[in-house]
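See below for my_file_8.csv, which holds CSV, C-alpha atoms.
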chain,number,residue,atom,x,y,z
A,9,MET,CA,-24.8,-28.1,10.8
A,10,VAL,CA,-22.5,-31.0,10.1
A,11,ILE,CA,-18.7,-31.0,10.9
A,12,LYS,CA,-16.5,-33.5,9.1
A,13,VAL,CA,-12.9,-33.8,10.2
A,14,PHE,CA,-10.2,-35.6,8.1
A,15,ASP,CA,-6.6,-36.4,9.1
A,16,THR,CA,-5.1,-34.6,6.1
A,17,PRO,CA,-6.1,-32.5,3.2
A,18,GLU,CA,-5.3,-35.4,0.9
A,19,LEU,CA,-8.1,-37.3,2.6
A,20,LEU,CA,-10.4,-34.3,2.8
A,21,LEU,CA,-10.5,-33.3,-0.8
A,22,PRO,CA,-11.6,-36.7,-2.3
A,23,ALA,CA,-14.3,-36.9,0.3
A,24,LEU,CA,-15.6,-33.4,-0.6
A,25,ALA,CA,-15.4,-34.3,-4.3
A,26,ASP,CA,-17.4,-37.4,-3.7
A,27,TYR,CA,-20.0,-35.4,-1.7
A,28,ILE,CA,-20.4,-33.0,-4.6
A,29,MET,CA,-20.7,-35.9,-7.0
A,30,VAL,CA,-23.6,-37.3,-5.0
A,31,GLU,CA,-25.3,-34.0,-4.8
A,32,ALA,CA,-24.9,-33.5,-8.6
A,33,LYS,CA,-26.4,-36.8,-9.4
A,34,GLU,CA,-29.4,-36.2,-7.2
A,35,ALA,CA,-30.0,-32.7,-8.6
A,36,ILE,CA,-29.7,-33.8,-12.2
A,37,GLU,CA,-32.0,-36.8,-11.6
A,38,LYS,CA,-34.6,-34.5,-9.9
A,39,ARG,CA,-34.4,-31.3,-12.0
A,40,GLY,CA,-32.2,-32.0,-15.0
A,41,ARG,CA,-29.4,-29.7,-13.8
A,42,PHE,CA,-26.9,-29.0,-11.0
A,43,ASN,CA,-26.3,-25.4,-10.0
A,44,LEU,CA,-22.9,-25.1,-8.4
A,45,VAL,CA,-21.4,-22.0,-6.8
A,46,LEU,CA,-17.6,-21.8,-6.8
A,47,SER,CA,-15.2,-20.1,-4.4
A,48,GLY,CA,-11.7,-18.8,-5.0
A,49,GLY,CA,-8.4,-19.4,-3.3
A,50,SER,CA,-5.7,-22.1,-3.2
A,51,SER,CA,-7.8,-24.7,-1.3
A,52,PRO,CA,-10.6,-24.9,-3.9
A,53,LYS,CA,-8.2,-24.8,-6.7
A,54,LYS,CA,-6.9,-28.3,-5.6
A,55,LEU,CA,-10.5,-29.5,-5.4
A,56,TYR,CA,-11.3,-28.2,-8.9
A,57,GLU,CA,-8.2,-30.0,-10.3
A,58,LEU,CA,-9.4,-33.2,-8.7
A,59,LEU,CA,-12.9,-32.8,-10.1
A,60,ALA,CA,-11.4,-32.2,-13.6
A,61,SER,CA,-9.2,-35.3,-13.3
A,62,ASP,CA,-10.0,-38.7,-14.9
A,63,SER,CA,-11.3,-39.8,-11.5
A,64,TYR,CA,-14.4,-37.7,-11.9
A,65,LEU,CA,-14.6,-37.2,-15.6
A,66,TYR,CA,-17.4,-39.7,-16.0
A,67,LYS,CA,-18.8,-39.6,-12.5
A,68,ILE,CA,-20.6,-36.3,-13.0
A,69,GLN,CA,-22.7,-35.3,-16.0
A,70,TRP,CA,-20.8,-32.2,-16.6
A,71,ASN,CA,-23.0,-31.1,-19.5
A,72,ASN,CA,-25.8,-30.6,-16.9
A,73,VAL,CA,-23.8,-28.5,-14.5
A,74,TYR,CA,-24.1,-24.7,-14.3
A,75,PHE,CA,-21.4,-22.7,-12.6
A,76,PHE,CA,-21.6,-19.5,-10.7
A,77,PHE,CA,-19.2,-17.5,-8.4
A,78,GLY,CA,-19.8,-16.7,-4.8
A,79,ASP,CA,-17.5,-13.7,-5.2
A,80,ASP,CA,-14.7,-12.4,-7.3
A,81,ARG,CA,-12.2,-9.6,-7.3
A,82,TYR,CA,-13.0,-6.6,-9.4
A,83,VAL,CA,-10.4,-7.4,-12.1
A,84,PRO,CA,-10.6,-8.6,-15.7
A,85,HIS,CA,-11.3,-12.3,-16.2
A,86,ASN,CA,-7.8,-12.8,-17.5
A,87,HIS,CA,-6.1,-11.2,-14.5
A,88,LYS,CA,-4.0,-13.4,-12.3
A,89,ASP,CA,-6.1,-12.6,-9.2
A,90,SER,CA,-9.4,-13.5,-10.9
A,91,ASN,CA,-11.4,-16.4,-9.4
A,92,PHE,CA,-12.9,-16.8,-12.9
A,93,LEU,CA,-9.4,-17.3,-14.4
A,94,MET,CA,-8.4,-19.8,-11.7
A,95,ALA,CA,-11.6,-21.8,-12.2
A,96,THR,CA,-11.2,-21.7,-16.0
A,97,LEU,CA,-7.7,-23.1,-15.9
A,98,ALA,CA,-8.3,-25.7,-13.2
A,99,LEU,CA,-11.8,-26.8,-14.1
A,100,PHE,CA,-13.6,-25.3,-17.1
A,101,ASP,CA,-11.0,-25.8,-19.8
A,102,PRO,CA,-9.9,-29.3,-18.8
A,103,LEU,CA,-13.6,-30.4,-18.8
A,104,ARG,CA,-14.5,-28.4,-21.9
A,105,ILE,CA,-17.5,-26.8,-20.1
A,106,PRO,CA,-19.7,-24.9,-22.6
A,107,LYS,CA,-19.4,-21.2,-22.2
A,108,ASP,CA,-23.2,-20.9,-21.7
A,109,HIS,CA,-22.9,-23.0,-18.6
A,110,ILE,CA,-20.5,-20.6,-16.9
A,111,PHE,CA,-21.7,-17.4,-15.3
A,112,GLY,CA,-18.9,-15.1,-14.4
A,113,ILE,CA,-19.3,-11.6,-12.9
A,114,ASP,CA,-19.0,-9.0,-15.6
A,115,THR,CA,-16.2,-6.8,-14.3
A,116,SER,CA,-16.2,-4.6,-17.4
A,117,LEU,CA,-19.1,-2.8,-15.7
A,118,SER,CA,-18.8,-0.5,-12.8
A,119,PRO,CA,-18.7,-2.4,-9.4
A,120,GLU,CA,-22.2,-1.3,-8.6
A,121,ASN,CA,-23.6,-2.3,-12.0
A,122,ALA,CA,-21.6,-5.6,-12.0
A,123,ALA,CA,-23.4,-6.6,-8.8
A,124,ILE,CA,-26.8,-5.5,-10.2
A,125,ALA,CA,-26.2,-7.4,-13.4
A,126,TYR,CA,-25.0,-10.6,-11.7
A,127,GLU,CA,-28.1,-10.6,-9.4
A,128,GLN,CA,-30.3,-10.2,-12.5
A,129,THR,CA,-28.4,-13.1,-14.2
A,130,ILE,CA,-29.1,-15.3,-11.2
A,131,LYS,CA,-32.7,-14.4,-11.1
A,132,GLU,CA,-33.1,-15.1,-14.8
A,133,HIS,CA,-31.4,-18.5,-14.4
A,134,PHE,CA,-33.9,-19.5,-11.8
A,135,LYS,CA,-36.8,-18.2,-13.9
A,136,GLY,CA,-38.7,-16.5,-11.1
A,137,SER,CA,-38.3,-19.3,-8.6
A,138,GLU,CA,-36.4,-18.8,-5.4
A,139,CYS,CA,-32.7,-18.7,-6.0
A,140,ILE,CA,-31.7,-21.9,-4.3
A,141,PHE,CA,-28.3,-23.2,-5.5
A,142,ASP,CA,-27.7,-27.0,-5.1
A,143,VAL,CA,-24.2,-26.6,-3.7
A,144,ILE,CA,-22.4,-23.4,-2.6
A,145,LEU,CA,-18.7,-23.8,-1.9
A,146,LEU,CA,-17.2,-21.4,0.7
A,147,GLY,CA,-13.7,-20.9,2.2
A,148,LEU,CA,-12.7,-19.2,5.4
A,149,GLY,CA,-10.1,-16.4,5.7
A,150,ASP,CA,-7.8,-16.1,8.7
A,151,ASN,CA,-9.9,-13.0,9.6
A,152,SER,CA,-13.1,-15.1,9.6
A,153,HIS,CA,-14.4,-13.7,6.3
A,154,THR,CA,-16.1,-15.9,3.7
A,155,ALA,CA,-16.9,-15.1,0.1
A,156,SER,CA,-16.2,-11.3,0.2
A,157,LEU,CA,-18.0,-10.7,3.5
A,158,PHE,CA,-15.2,-9.0,5.3
A,159,PRO,CA,-15.1,-7.8,8.9
A,160,HIS,CA,-16.7,-4.4,9.7
A,161,THR,CA,-18.1,-3.9,6.2
A,162,THR,CA,-21.6,-2.7,5.4
A,163,VAL,CA,-22.4,-5.7,3.3
A,164,LEU,CA,-22.7,-7.8,6.5
A,165,HIS,CA,-25.9,-6.0,7.3
A,166,GLU,CA,-27.5,-6.3,3.8
A,167,LYS,CA,-31.0,-7.8,4.0
A,168,THR,CA,-32.4,-7.5,0.5
A,169,ALA,CA,-29.8,-7.5,-2.3
A,170,LEU,CA,-28.6,-11.0,-3.4
A,171,VAL,CA,-25.3,-9.7,-4.8
A,172,LYS,CA,-23.4,-6.6,-3.7
A,173,GLU,CA,-20.3,-4.6,-4.5
A,174,ILE,CA,-17.9,-3.9,-1.7
A,175,TYR,CA,-14.6,-2.0,-1.3
A,176,VAL,CA,-12.4,-3.9,1.1
A,177,GLU,CA,-10.1,-1.4,2.8
A,178,GLU,CA,-7.7,-4.0,4.1
A,179,VAL,CA,-6.8,-5.3,0.7
A,180,LYS,CA,-7.5,-2.0,-1.1
A,181,MET,CA,-9.7,-3.6,-3.7
A,182,ASN,CA,-13.3,-3.7,-5.0
A,183,ARG,CA,-15.0,-7.0,-4.9
A,184,ILE,CA,-18.4,-8.4,-5.9
A,185,THR,CA,-20.0,-10.9,-3.6
A,186,PHE,CA,-23.0,-13.0,-2.8
A,187,THR,CA,-24.7,-11.6,0.3
A,188,ALA,CA,-25.5,-13.8,3.3
A,189,PRO,CA,-29.3,-13.9,2.4
A,190,LEU,CA,-28.5,-15.5,-0.9
A,191,ILE,CA,-25.9,-17.9,0.5
A,192,ASN,CA,-28.3,-19.0,3.2
A,193,LEU,CA,-30.8,-20.1,0.6
A,194,GLY,CA,-28.4,-22.8,-0.6
A,195,HIS,CA,-29.4,-26.5,-0.4
A,196,LYS,CA,-25.9,-27.5,0.7
A,197,ILE,CA,-23.5,-24.9,1.9
A,198,LEU,CA,-20.0,-26.4,2.1
A,199,PHE,CA,-17.1,-24.9,3.9
A,200,LEU,CA,-13.7,-26.2,2.7
A,201,VAL,CA,-11.1,-25.3,5.3
A,202,TYR,CA,-7.7,-26.9,6.0
A,203,GLY,CA,-4.4,-26.0,7.6
A,204,ALA,CA,-3.5,-25.0,11.2
A,205,GLY,CA,-3.5,-21.4,10.2
A,206,LYS,CA,-7.3,-21.5,10.0
A,207,ALA,CA,-7.9,-23.1,13.4
A,208,GLU,CA,-8.5,-19.8,15.3
A,209,ALA,CA,-11.0,-18.6,12.7
A,210,VAL,CA,-12.8,-21.9,12.7
A,211,LYS,CA,-13.1,-21.7,16.5
A,212,HIS,CA,-14.5,-18.1,16.3
A,213,ILE,CA,-17.2,-19.1,13.8
A,214,LEU,CA,-18.3,-22.4,15.5
A,215,GLU,CA,-17.9,-21.7,19.2
A,216,ASP,CA,-17.6,-18.0,20.0
A,217,PRO,CA,-20.6,-15.7,20.9
A,218,THR,CA,-22.2,-14.2,17.8
A,219,ASN,CA,-20.4,-11.1,16.6
A,220,ILE,CA,-20.9,-10.9,12.8
A,221,ASP,CA,-18.9,-7.7,12.4
A,222,GLU,CA,-15.8,-9.4,13.9
A,223,TYR,CA,-16.5,-12.9,12.6
A,224,PRO,CA,-18.6,-12.5,9.3
A,225,ALA,CA,-18.8,-16.3,8.5
A,226,GLN,CA,-21.1,-16.5,11.6
A,227,LEU,CA,-23.8,-15.1,9.2
A,228,ILE,CA,-23.9,-18.3,7.3
A,229,LYS,CA,-26.9,-20.2,8.6
A,230,ALA,CA,-28.9,-22.3,6.1
A,231,LYS,CA,-32.5,-21.2,5.8
A,232,GLN,CA,-33.8,-24.6,4.8
A,233,GLY,CA,-30.8,-26.5,3.7
A,234,GLU,CA,-27.6,-27.6,5.5
A,235,VAL,CA,-24.2,-26.3,6.3
A,236,VAL,CA,-21.4,-28.8,6.2
A,237,TRP,CA,-17.9,-28.1,7.3
A,238,PHE,CA,-15.0,-30.1,5.7
A,239,LEU,CA,-12.0,-29.6,7.9
A,240,ASP,CA,-8.6,-31.3,8.3
A,241,LYS,CA,-7.2,-31.9,11.8
A,242,GLY,CA,-5.2,-28.7,11.7
A,243,ALA,CA,-8.1,-26.5,11.0
A,244,ALA,CA,-10.3,-28.3,13.6
A,245,ALA,CA,-7.6,-28.3,16.3
A,246,LYS,CA,-9.1,-25.6,18.5
A,247,ILE,CA,-12.8,-26.7,18.5
A,248,ARG,CA,-14.1,-28.8,21.4
A,249,GLY,CA,-13.6,-32.5,21.0
A,250,ASN,CA,-10.7,-32.3,18.5

Exercise: express the given structure as structure tokens:
Amino acid sequence: MVIKVFDTPELLLPALADYIMVEAKEAIEKRGRFNLVLSGGSSPKKLYELLASDSYLYKIQWNNVYFFFGDDRYVPHNHKDSNFLMATLALFDPLRIPKDHIFGIDTSLSPENAAIAYEQTIKEHFKGSECIFDVILLGLGDNSHTASLFPHTTVLHEKTALVKEIYVEEVKMNRITFTAPLINLGHKILFLVYGAGKAEAVKHILEDPTNIDEYPAQLIKAKQGEVVWFLDKGAAAKIRGN
């Protein structure tokens, strides 16, 4: 695990964008494509807007990037709460990403079938090889959830499925999410967390005794790759040495 702490979000976001740029270049040189898993929320939206800006337009071979979603709400793709819509407006449309490079979760299906179909889509993309994404972006909720792995939910104990549907009682909503076993296969698993409001959750994940039901993001432990935390000083305030 690597922890990178920046004075402000304004310094953090370009550093993370540069990190993704390097990973993309390396993956495309080695395998001809870069498989990127996106997260939702306000923090990644700013990152996507930066990646879609002139600063990165020619630094990444966007025609060789394939996009997936670590989770999404069970709403239509044009719904205001959809991670797919947010990424479309902030990233896909500005960069004119081909539709066949974007793999959204089909929320026209039932939640269970949407999860099954998305897992099948992922397996087909990797053509029978292990489903190792080059970069998986994750956030962290105030309650220590990541993706849609919420406290005290059955999905936290999933061992075999790569994608799972979940009803989150605290937000009264169905969601579809990558499971911890799939996330942990990632080559680079990147947490983007900033703001003092996240400091307590960061401390729970990084320093408290393991209690995955209370602190689900503790589940994220790279199998062979690496977990890298990108924090600002506010989010890092309660961990030792900061």

Shortest contact to A:Ala35, candidates A:Ala60, A:Leu190, A:His195, A:Lys172, atoms counted only C-alpha atoms, goes to A:His195

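If you look at atom CA of A:His85 and atom CA of A:His133, they are 21.1 Å away from each other.
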
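Closest to A:Asp62 among A:Ile28, A:Leu97, A:Leu103, A:Leu19 is A:Leu103, based on all atoms listed in the file.
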
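In this comparison, which uses all atoms listed in the file, the residue of A:Ser156, A:Asn219, A:Asn43, A:Gln69 approaching A:Val171 most closely is A:Ser156.
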
For stretch 159-205 of chain A against stretch 228-245 of chain A, with a cut-off of 7 Å and counting only C-alpha atoms, what is the closest atom pair and its distance in Å to one decimal for every residue that makes the cut, ordered by chain and number, as a tab-separated table?
residue	atom	partner	partner_atom	distance
A:Ala188	CA	A:Ile228	CA	6.2
A:Asn192	CA	A:Ala230	CA	4.4
A:Leu193	CA	A:Lys231	CA	5.6
A:Gly194	CA	A:Gly233	CA	6.2
A:His195	CA	A:Gly233	CA	4.3
A:Lys196	CA	A:Glu234	CA	5.1
A:Ile197	CA	A:Val235	CA	4.7
A:Leu198	CA	A:Val236	CA	5.0
A:Phe199	CA	A:Trp237	CA	4.7
A:Leu200	CA	A:Phe238	CA	5.1
A:Val201	CA	A:Leu239	CA	5.1
A:Tyr202	CA	A:Ala243	CA	5.0
A:Gly203	CA	A:Gly242	CA	5.0
A:Ala204	CA	A:Gly242	CA	4.1
A:Gly205	CA	A:Ala243	CA	6.9

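The shortest atom-to-atom distance to A:Tyr56, with only C-alpha atoms taken into account, belongs to A:Phe100 out of A:Tyr223, A:Phe100, A:Tyr126, A:Phe134.
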
Need the shell around A:Leu46: protein/DNA/RNA residues with any atom at most 10 Å away, counting only C-alpha atoms. Skip same-chain ones fewer than 4 positions apart. Format as JSON, numbers by chain? {"A": [52, 53, 56, 75, 76, 77, 78, 79, 80, 91, 92, 95, 143, 144, 145, 146, 147, 155]}

Can you spit out the residues from that selection as a PDB file, keeping the file's coordinate frame, using C-alpha atoms?
ATOM      1  CA  PRO A  52     -10.600 -24.900  -3.900  1.00  0.00           C
ATOM      2  CA  LYS A  53      -8.200 -24.800  -6.700  1.00  0.00           C
ATOM      3  CA  TYR A  56     -11.300 -28.200  -8.900  1.00  0.00           C
ATOM      4  CA  PHE A  75     -21.400 -22.700 -12.600  1.00  0.00           C
ATOM      5  CA  PHE A  76     -21.600 -19.500 -10.700  1.00  0.00           C
ATOM      6  CA  PHE A  77     -19.200 -17.500  -8.400  1.00  0.00           C
ATOM      7  CA  GLY A  78     -19.800 -16.700  -4.800  1.00  0.00           C
ATOM      8  CA  ASP A  79     -17.500 -13.700  -5.200  1.00  0.00           C
ATOM      9  CA  ASP A  80     -14.700 -12.400  -7.300  1.00  0.00           C
ATOM     10  CA  ASN A  91     -11.400 -16.400  -9.400  1.00  0.00           C
ATOM     11  CA  PHE A  92     -12.900 -16.800 -12.900  1.00  0.00           C
ATOM     12  CA  ALA A  95     -11.600 -21.800 -12.200  1.00  0.00           C
ATOM     13  CA  VAL A 143     -24.200 -26.600  -3.700  1.00  0.00           C
ATOM     14  CA  ILE A 144     -22.400 -23.400  -2.600  1.00  0.00           C
ATOM     15  CA  LEU A 145     -18.700 -23.800  -1.900  1.00  0.00           C
ATOM     16  CA  LEU A 146     -17.200 -21.400   0.700  1.00  0.00           C
ATOM     17  CA  GLY A 147     -13.700 -20.900   2.200  1.00  0.00           C
ATOM     18  CA  ALA A 155     -16.900 -15.100   0.100  1.00  0.00           C
TER      19      ALA A 155
END

Would you compute the distance between atom CA of A:Leu55 and atom CA of A:Leu21? Give it in Å to one decimal. 6.0 Å

Any idea what's packed within 7 Å of A:Tyr74, counting all atoms listed in the file, ignoring anything in its chain fewer than 3 positions away? Could you give it as a list of chain:residue names? A:Phe42, A:Asn43, A:Leu44, A:His109, A:Ile110

Restricted to C-alpha atoms, what would the selected residues look like written as a compact mmCIF listing (two decimals), in the coordinates of the input?
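Result file part28.txt:
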# COMPACT_ATOMS: atom_id res chain seq x y z
CA PHE A 42 -26.90 -29.00 -11.00
CA ASN A 43 -26.30 -25.40 -10.00
CA LEU A 44 -22.90 -25.10 -8.40
CA HIS A 109 -22.90 -23.00 -18.60
CA ILE A 110 -20.50 -20.60 -16.90

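Going from atom CA of A:Leu59 over to atom CA of A:Met9, you cover 24.5 Å.
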
Counting only C-alpha atoms, what is within 9 Å of A:Asp114, bar same-chain residues fewer than 2 positions away, as a PDB file with C-alpha atoms, in the coordinates of the input?
ATOM      1  CA  TYR A  82     -13.000  -6.600  -9.400  1.00  0.00           C
ATOM      2  CA  PRO A  84     -10.600  -8.600 -15.700  1.00  0.00           C
ATOM      3  CA  HIS A  85     -11.300 -12.300 -16.200  1.00  0.00           C
ATOM      4  CA  PHE A 111     -21.700 -17.400 -15.300  1.00  0.00           C
ATOM      5  CA  GLY A 112     -18.900 -15.100 -14.400  1.00  0.00           C
ATOM      6  CA  SER A 116     -16.200  -4.600 -17.400  1.00  0.00           C
ATOM      7  CA  LEU A 117     -19.100  -2.800 -15.700  1.00  0.00           C
ATOM      8  CA  SER A 118     -18.800  -0.500 -12.800  1.00  0.00           C
ATOM      9  CA  ASN A 121     -23.600  -2.300 -12.000  1.00  0.00           C
ATOM     10  CA  ALA A 122     -21.600  -5.600 -12.000  1.00  0.00           C
ATOM     11  CA  ALA A 123     -23.400  -6.600  -8.800  1.00  0.00           C
ATOM     12  CA  ALA A 125     -26.200  -7.400 -13.400  1.00  0.00           C
ATOM     13  CA  TYR A 126     -25.000 -10.600 -11.700  1.00  0.00           C
TER      14      TYR A 126
END

Using only C-alpha atoms, which residue out of A:Ser152, A:Ser63, A:Thr161, A:Thr185 lies closest to A:Ile113? A:Thr185
